[in-house]
$ cat start_22.tsv   # TSV, C-alpha atoms
chain	number	residue	atom	x	y	z
W	1	MET	CA	111.52	47.12	193.37
W	2	THR	CA	112.28	49.22	196.43
W	3	ALA	CA	113.37	52.81	196.63
W	4	PRO	CA	116.82	53.73	197.95
W	5	PRO	CA	116.96	53.72	201.76
W	6	ARG	CA	116.43	56.94	203.63
W	7	THR	CA	119.34	58.54	205.36
W	8	ALA	CA	119.63	58.74	209.11
W	9	HIS	CA	118.73	62.41	208.99
W	10	GLY	CA	115.30	61.95	207.46
W	11	PRO	CA	113.73	62.13	204.03
W	12	HIS	CA	114.36	65.82	203.44
W	13	THR	CA	118.10	66.01	204.05
W	14	PRO	CA	119.71	64.27	201.03
W	15	GLN	CA	121.69	66.66	198.88
W	16	ALA	CA	120.89	67.09	195.20
W	17	LYS	CA	123.66	65.30	193.35
W	18	ALA	CA	125.18	66.82	190.27
W	19	VAL	CA	125.74	64.76	187.15
W	20	ARG	CA	129.41	63.89	187.36
W	21	LEU	CA	131.73	64.20	184.40
W	22	GLY	CA	133.53	60.90	183.82
W	23	PRO	CA	137.08	60.42	182.50
W	24	ARG	CA	136.09	60.25	178.85
W	25	GLY	CA	133.91	63.31	179.25
W	26	VAL	CA	136.80	65.21	180.86
W	27	VAL	CA	139.12	64.29	177.99
W	28	ALA	CA	136.54	65.26	175.38
W	29	LEU	CA	135.77	68.52	177.15
W	30	ALA	CA	139.47	69.40	177.47
W	31	LEU	CA	139.97	68.69	173.77
W	32	ILE	CA	137.06	70.81	172.61
W	33	THR	CA	138.11	73.61	174.95
W	34	LEU	CA	141.62	73.67	173.48
W	35	VAL	CA	140.26	73.57	169.94
W	36	GLY	CA	137.70	76.24	170.83
W	37	VAL	CA	140.31	78.60	172.26
W	38	ALA	CA	142.43	78.13	169.16
W	39	ALA	CA	139.41	78.64	166.91
W	40	PHE	CA	138.48	81.91	168.58
W	41	GLY	CA	142.03	83.24	168.73
W	42	TRP	CA	143.93	81.98	165.70
W	43	PRO	CA	143.15	84.95	163.40
W	44	LEU	CA	145.00	87.22	165.83
W	45	LEU	CA	148.19	85.29	165.13
W	46	ALA	CA	147.67	84.66	161.41
W	47	ASP	CA	150.07	86.17	158.92
W	48	GLU	CA	148.65	88.80	156.58
W	49	ASP	CA	149.50	86.77	153.48
W	50	SER	CA	148.40	83.40	154.81
W	51	GLY	CA	144.77	83.81	153.77
W	52	LEU	CA	143.65	82.32	157.09
W	53	ALA	CA	142.00	85.50	158.32
W	54	HIS	CA	139.55	85.82	155.43
W	55	SER	CA	135.85	85.23	155.95
W	56	GLN	CA	135.62	82.61	153.19
W	57	ASP	CA	137.83	80.28	155.25
W	58	ALA	CA	135.66	80.51	158.35
W	59	PRO	CA	132.91	78.01	157.40
W	60	TRP	CA	135.45	75.22	157.07
W	61	LEU	CA	136.60	75.77	160.61
W	62	PHE	CA	133.03	75.97	161.88
W	63	ALA	CA	132.21	72.68	160.16
W	64	ALA	CA	135.12	71.03	161.98
W	65	LEU	CA	133.97	72.33	165.37
W	66	LEU	CA	130.43	70.97	165.25
W	67	PRO	CA	131.35	67.24	165.25
W	68	LEU	CA	133.68	67.86	168.20
W	69	LEU	CA	130.87	69.50	170.14
W	70	VAL	CA	128.65	66.51	169.43
W	71	GLY	CA	131.52	64.29	170.58
W	72	VAL	CA	131.47	65.90	174.02
W	73	VAL	CA	127.78	65.07	174.37
W	74	VAL	CA	128.26	61.48	173.17
W	75	ALA	CA	131.26	60.87	175.44
W	76	THR	CA	129.38	62.20	178.44
W	77	ILE	CA	126.33	60.04	177.79
W	78	ALA	CA	128.40	56.95	176.95
W	79	ASP	CA	130.46	56.98	180.16
W	80	GLU	CA	129.10	53.92	181.97
W	81	ASP	CA	130.36	54.76	185.45
W	82	ASP	CA	129.93	58.50	185.76
W	83	GLY	CA	128.09	59.72	182.70
W	84	MET	CA	124.50	60.75	182.19
W	85	ASP	CA	121.83	58.08	182.60
W	86	ALA	CA	118.34	58.14	181.12
W	87	LYS	CA	117.03	60.42	183.87
W	88	ALA	CA	119.81	62.94	183.32
W	89	VAL	CA	119.24	62.89	179.56
W	90	ALA	CA	115.53	63.53	180.15
W	91	MET	CA	116.33	66.49	182.42
W	92	LEU	CA	118.80	67.76	179.81
W	93	GLY	CA	116.06	67.70	177.20
W	94	VAL	CA	113.57	69.53	179.40
W	95	LEU	CA	115.99	72.27	180.45
W	96	ALA	CA	117.31	72.71	176.90
W	97	ALA	CA	113.77	73.07	175.60
W	98	VAL	CA	112.90	75.65	178.26
W	99	GLY	CA	116.12	77.57	177.60
W	100	ALA	CA	115.56	77.53	173.84
W	101	ALA	CA	112.00	78.81	174.34
W	102	LEU	CA	113.19	81.61	176.64
W	103	ARG	CA	115.80	82.99	174.27
W	104	PRO	CA	113.47	84.42	171.60
W	105	LEU	CA	111.50	86.32	174.25
W	106	GLY	CA	114.11	89.04	174.42
W	107	ALA	CA	116.42	88.47	171.47
W	108	GLY	CA	116.88	91.60	169.42
W	109	THR	CA	115.93	93.93	172.27
W	110	ALA	CA	118.99	95.47	173.94
W	111	GLY	CA	120.51	92.08	174.68
W	112	LEU	CA	117.66	91.00	176.96
W	113	GLU	CA	118.04	87.23	176.89
W	114	PRO	CA	116.34	85.50	179.85
W	115	MET	CA	117.83	82.10	179.04
W	116	PHE	CA	121.15	83.16	180.59
W	117	PHE	CA	119.84	83.19	184.15
W	118	LEU	CA	118.41	79.66	183.71
W	119	MET	CA	121.79	78.45	182.47
W	120	VAL	CA	123.52	79.92	185.53
W	121	LEU	CA	121.12	78.22	187.97
W	122	SER	CA	121.14	74.90	186.10
W	123	GLY	CA	124.91	74.77	185.99
W	124	ARG	CA	125.04	75.57	189.70
W	125	VAL	CA	122.75	72.68	190.67
W	126	LEU	CA	123.76	70.04	188.14
W	127	GLY	CA	127.51	70.59	187.91
W	128	PRO	CA	130.05	71.70	185.31
W	129	GLY	CA	129.91	68.64	183.05
W	130	PHE	CA	126.14	68.70	182.71
W	131	GLY	CA	126.35	72.49	182.43
W	132	PHE	CA	128.63	72.42	179.40
W	133	VAL	CA	126.44	69.91	177.61
W	134	LEU	CA	123.27	71.81	178.55
W	135	GLY	CA	124.63	75.16	177.35
W	136	SER	CA	125.73	73.72	174.01
W	137	VAL	CA	122.53	71.76	173.39
W	138	THR	CA	120.34	74.71	174.41
W	139	MET	CA	122.06	77.04	171.98
W	140	PHE	CA	121.79	74.44	169.22
W	141	ALA	CA	118.05	73.99	169.90
W	142	SER	CA	117.57	77.75	170.04
W	143	ALA	CA	119.26	78.19	166.67
W	144	LEU	CA	116.93	75.62	165.11
W	145	LEU	CA	113.90	77.23	166.75
W	146	THR	CA	114.69	80.78	165.67
W	147	GLY	CA	116.29	80.03	162.31
W	148	GLY	CA	119.62	81.30	163.59
W	149	VAL	CA	121.71	78.57	161.98
W	150	GLY	CA	124.90	79.96	160.48
W	151	PRO	CA	128.69	79.90	160.75
W	152	TRP	CA	128.42	81.53	164.16
W	153	MET	CA	126.35	78.72	165.69
W	154	PRO	CA	129.18	76.36	166.78
W	155	PHE	CA	130.91	79.31	168.43
W	156	GLN	CA	127.71	80.21	170.27
W	157	MET	CA	127.46	76.60	171.43
W	158	LEU	CA	131.02	76.70	172.72
W	159	ALA	CA	130.59	80.04	174.47
W	160	MET	CA	127.31	79.05	176.10
W	161	GLY	CA	128.80	75.73	177.17
W	162	TRP	CA	131.65	77.56	178.91
W	163	PHE	CA	129.19	80.05	180.42
W	164	THR	CA	127.05	77.31	181.99
W	165	MET	CA	130.04	75.18	182.99
W	166	GLY	CA	131.51	78.14	184.89
W	167	ALA	CA	128.43	78.29	187.11
W	168	GLY	CA	128.95	74.64	187.97
W	169	LEU	CA	132.54	75.36	189.04
W	170	LEU	CA	131.57	78.00	191.61
W	171	PRO	CA	132.46	77.05	195.20
W	172	GLY	CA	130.17	75.95	198.02
W	173	ARG	CA	127.64	73.98	196.00
W	174	HIS	CA	126.62	71.85	199.00
W	175	ARG	CA	127.09	74.43	201.75
W	176	LEU	CA	126.25	77.93	200.51
W	177	ARG	CA	122.56	78.76	200.49
W	178	GLY	CA	120.21	81.73	200.75
W	179	ARG	CA	121.13	85.30	199.95
W	180	GLY	CA	124.86	84.56	199.87
W	181	GLU	CA	124.41	81.99	197.12
W	182	LEU	CA	122.10	84.27	195.12
W	183	ALA	CA	124.58	87.13	195.42
W	184	MET	CA	127.41	84.91	194.17
W	185	LEU	CA	125.33	83.62	191.25
W	186	ALA	CA	124.15	87.13	190.36
W	187	LEU	CA	127.74	88.40	190.38
W	188	TYR	CA	128.85	85.50	188.23
W	189	GLY	CA	125.96	86.00	185.82
W	190	PHE	CA	126.74	89.70	185.51
W	191	ALA	CA	130.46	89.19	184.80
W	192	ALA	CA	129.99	86.10	182.62
W	193	SER	CA	127.41	87.90	180.47
W	194	PHE	CA	130.10	90.38	179.48
W	195	ALA	CA	132.59	87.55	178.98
W	196	TYR	CA	130.16	85.74	176.67
W	197	GLY	CA	129.61	88.88	174.61
W	198	THR	CA	133.34	89.56	174.39
W	199	VAL	CA	134.14	86.03	173.23
W	200	MET	CA	131.44	86.18	170.58
W	201	ASN	CA	132.71	89.58	169.45
W	202	LEU	CA	136.13	88.02	168.89
W	203	GLN	CA	134.53	85.40	166.67
W	204	GLY	CA	132.90	87.95	164.37
W	205	TRP	CA	135.29	90.85	164.53
W	206	THR	CA	138.10	89.11	162.64
W	207	TYR	CA	136.12	88.70	159.43
W	208	ILE	CA	133.52	91.47	159.44
W	209	GLY	CA	134.72	94.13	157.03
W	210	GLY	CA	133.59	97.63	156.17
W	211	MET	CA	134.20	99.14	159.60
W	212	SER	CA	136.24	102.15	160.61
W	213	SER	CA	139.96	101.45	160.40
W	214	GLY	CA	140.31	102.45	164.04
W	215	ILE	CA	138.36	99.41	165.24
W	216	SER	CA	138.88	96.98	162.33
W	217	PHE	CA	140.95	93.82	162.52
W	218	HIS	CA	144.23	94.13	160.59
W	219	PRO	CA	145.68	90.68	159.77
W	220	GLY	CA	149.38	90.48	160.42
W	221	ASP	CA	149.55	93.53	162.69
W	222	PRO	CA	151.16	93.15	166.14
W	223	LEU	CA	148.92	91.38	168.64
W	224	GLY	CA	148.89	94.35	171.02
W	225	GLU	CA	147.62	96.74	168.36
W	226	ASN	CA	144.85	94.39	167.29
W	227	LEU	CA	143.79	93.86	170.90
W	228	LEU	CA	143.49	97.62	171.38
W	229	ARG	CA	141.31	97.82	168.28
W	230	PHE	CA	139.26	94.92	169.59
W	231	ALA	CA	138.69	96.68	172.92
W	232	ALA	CA	137.52	99.77	171.02
W	233	TYR	CA	135.26	97.60	168.87
W	234	CYS	CA	133.62	96.02	171.94
W	235	ALA	CA	133.14	99.40	173.62
W	236	THR	CA	131.54	101.03	170.58
W	237	THR	CA	129.42	98.21	169.19
W	238	SER	CA	128.29	95.81	171.91
W	239	LEU	CA	128.81	97.29	175.37
W	240	GLY	CA	125.17	98.37	175.69
W	241	TRP	CA	123.92	95.00	174.45
W	242	ASP	CA	126.12	93.10	176.93
W	243	LEU	CA	125.04	95.42	179.74
W	244	GLY	CA	121.37	94.66	179.06
W	245	ARG	CA	122.08	90.92	179.18
W	246	ALA	CA	124.09	91.28	182.40
W	247	VAL	CA	121.47	93.41	184.18
W	248	LEU	CA	118.58	91.14	183.20
W	249	THR	CA	120.50	88.05	184.33
W	250	THR	CA	121.24	89.71	187.67
W	251	VAL	CA	117.65	90.88	188.24
W	252	LEU	CA	116.14	87.49	187.35
W	253	THR	CA	118.65	85.71	189.58
W	254	PHE	CA	117.70	87.83	192.59
W	255	THR	CA	113.95	87.75	191.96
W	256	LEU	CA	113.39	84.18	190.69
W	257	GLY	CA	116.63	82.47	191.66
W	258	SER	CA	115.52	81.07	195.01
W	259	THR	CA	112.39	79.48	193.55
W	260	VAL	CA	114.16	78.04	190.50
W	261	LEU	CA	117.04	76.67	192.59
W	262	LYS	CA	114.61	74.89	194.90
W	263	ALA	CA	112.73	73.42	191.94
W	264	LEU	CA	115.93	72.21	190.28
W	265	ARG	CA	117.24	70.67	193.49
W	266	ARG	CA	113.92	68.97	194.19
W	267	ALA	CA	113.83	67.53	190.67
W	268	THR	CA	117.43	66.35	190.99
W	269	ARG	CA	116.77	64.62	194.31
W	270	ARG	CA	113.72	62.88	192.88
W	271	ALA	CA	115.70	61.80	189.83
W	272	ALA	CA	118.23	60.30	192.28
W	273	PHE	CA	121.20	60.39	189.91
W	274	GLU	CA	123.67	57.60	190.77
W	275	ALA	CA	121.30	56.08	193.33
W	276	GLN	CA	121.28	52.33	193.51
W	277	VAL	CA	118.01	50.54	192.86
W	278	THR	CA	117.51	47.08	194.38
W	279	PHE	CA	115.07	44.35	193.43
W	280	ASP	CA	113.31	42.26	196.05
W	281	GLY	CA	113.78	38.55	195.79
W	282	SER	CA	114.21	35.46	197.86
W	283	PRO	CA	116.91	35.48	200.56
W	284	SER	CA	119.10	33.28	198.36
W	285	GLU	CA	118.97	35.68	195.45
W	286	ALA	CA	121.65	38.30	195.07
W	287	GLN	CA	120.64	41.92	195.09
W	288	VAL	CA	121.04	43.50	191.69
W	289	THR	CA	122.06	47.14	191.48
W	290	SER	CA	120.85	49.34	188.70
W	291	GLY	CA	123.29	49.44	185.80
W	292	ARG	CA	125.93	47.32	187.56
W	293	PRO	CA	126.47	43.56	187.94
W	294	PRO	CA	126.05	42.03	191.43
W	295	GLY	CA	129.13	41.66	193.55
$ encode --input "start_22.tsv" --output "structure tokens"
Amino acid sequence: MTAPPRTAHGPHTPQAKAVRLGPRGVVALALITLVGVAAFGWPLLADEDSGLAHSQDAPWLFAALLPLLVGVVVATIADEDDGMDAKAVAMLGVLAAVGAALRPLGAGTAGLEPMFFLMVLSGRVLGPGFGFVLGSVTMFASALLTGGVGPWMPFQMLAMGWFTMGAGLLPGRHRLRGRGELAMLALYGFAASFAYGTVMNLQGWTYIGGMSSGISFHPGDPLGENLLRFAAYCATTSLGWDLGRAVLTTVLTFTLGSTVLKALRRATRRAAFEAQVTFDGSPSEAQVTSGRPPG
């Protein structure tokens, strides 16, 4: 078996290839995104007498979300042409394990969660499809590790999947390098940390009772009034927590980002996602490409 041929520019020039998201993965991801948006936002539109905005109904919705999240992972892995191969699955497992181990280091202390910066850098190098799967799997593994399994877990998986996917959608993945890239990733990590906290606030705010009426969710009230209460709720209950997460993500991106990006890109090049592997044989034998029939 011979390695893929070198490029004309030498052994050090090949770009690290992201794990592409195939057609079935795109469809599955679009479906879970639509369902996720509806799941986060439906209580805001529920009628007061419908019973949909009560906390006892929430677990049923959460139970429906989890199989869909698993479906995104399965569809991505099962895509024969563009999905994740064994090497990508192995890298997914390693990064998810590292991310899950990082989360407890700061959880419960002013929102200091170092896993967020790793998710930003991983999504940047490995692309949006891999990023969504990685974010979801990492949060699932973290919940099992820390005992944080509950009705909030599928929502955390969704939010972290979107967070990591967003990093993979940032421009200039093959061209932008150095301080400019770190600045862009730090800015994204800062803003997305607040976005993650806000989305998760929306998940809990609609069924957590016992709060001041000025910031409580009122089922059936006009959407504008509830959104104003929600803004007040975020400002008074979680702004400091989200700020700690955003600042730590920014600091770690600037201080460790360059080293981690280089390591991720080196590992991705060595994994050679989508590279063809040929087998030596007699001149009359056809070359066989890895995972594809000859021809």
$ atom_distance --input "start_22.tsv" --atom1 "CA of Arg124 (chain W)" --atom2 "CA of Leu170 (chain W)"
7.2 Å
$ atom_distance --input "start_22.tsv" --atom1 "CA of Ala192 (chain W)" --atom2 "CA of Met157 (chain W)"
14.9 Å
$ residues_around --input "start_22.tsv" --residues "Arg179 (chain W)" --least-positions-apart "4" --cutoff "12 Å" --atoms "only C-alpha atoms" --output "PDB file with C-alpha atoms, keeping the file's coordinate frame"
ATOM      1  CA  ALA W 183     124.580  87.130 195.420  1.00  0.00           C
ATOM      2  CA  MET W 184     127.410  84.910 194.170  1.00  0.00           C
ATOM      3  CA  LEU W 185     125.330  83.620 191.250  1.00  0.00           C
ATOM      4  CA  ALA W 186     124.150  87.130 190.360  1.00  0.00           C
ATOM      5  CA  THR W 253     118.650  85.710 189.580  1.00  0.00           C
ATOM      6  CA  PHE W 254     117.700  87.830 192.590  1.00  0.00           C
ATOM      7  CA  THR W 255     113.950  87.750 191.960  1.00  0.00           C
ATOM      8  CA  GLY W 257     116.630  82.470 191.660  1.00  0.00           C
ATOM      9  CA  SER W 258     115.520  81.070 195.010  1.00  0.00           C
TER      10      SER W 258
END
$ residues_near_point --input "start_22.tsv" --point "(119.2, 79.8, 198.4)" --cutoff "9 Å" --atoms "all atoms listed in the file" --output "list of chain:residue names"
W:Leu176, W:Arg177, W:Gly178, W:Arg179, W:Gly180, W:Glu181, W:Leu182, W:Gly257, W:Ser258, W:Thr259, W:Leu261, W:Lys262
$ residues_near_point --input "start_22.tsv" --point "(126.7, 89.3, 185.7)" --cutoff "10 Å" --atoms "only C-alpha atoms" --output "VMD selection string"
chain W and resid 116 to 117 120 184 to 195 242 to 243 245 to 251 253
$ atom_distance --input "start_22.tsv" --atom1 "CA of Thr164 (chain W)" --atom2 "CA of Pro128 (chain W)"
7.2 Å
$ closest_residue --input "start_22.tsv" --among "W:Arg173, W:Leu202, W:Ala235, W:Gly240" --to "Leu126 (chain W)" --atoms "only C-alpha atoms"
W:Arg173
$ closest_residue --input "start_22.tsv" --among "W:Leu112, W:Ala232, W:Ala96, W:Ala159" --to "Phe40 (chain W)" --atoms "only C-alpha atoms"
W:Ala159
$ closest_residue --input "start_22.tsv" --among "W:Met165, W:Met200, W:Cys234, W:Leu223" --to "Pro151 (chain W)" --atoms "all atoms listed in the file"
W:Met200
$ closest_residue --input "start_22.tsv" --among "W:Leu34, W:Leu169, W:Leu158, W:Ala100" --to "Leu145 (chain W)" --atoms "all atoms listed in the file"
W:Ala100
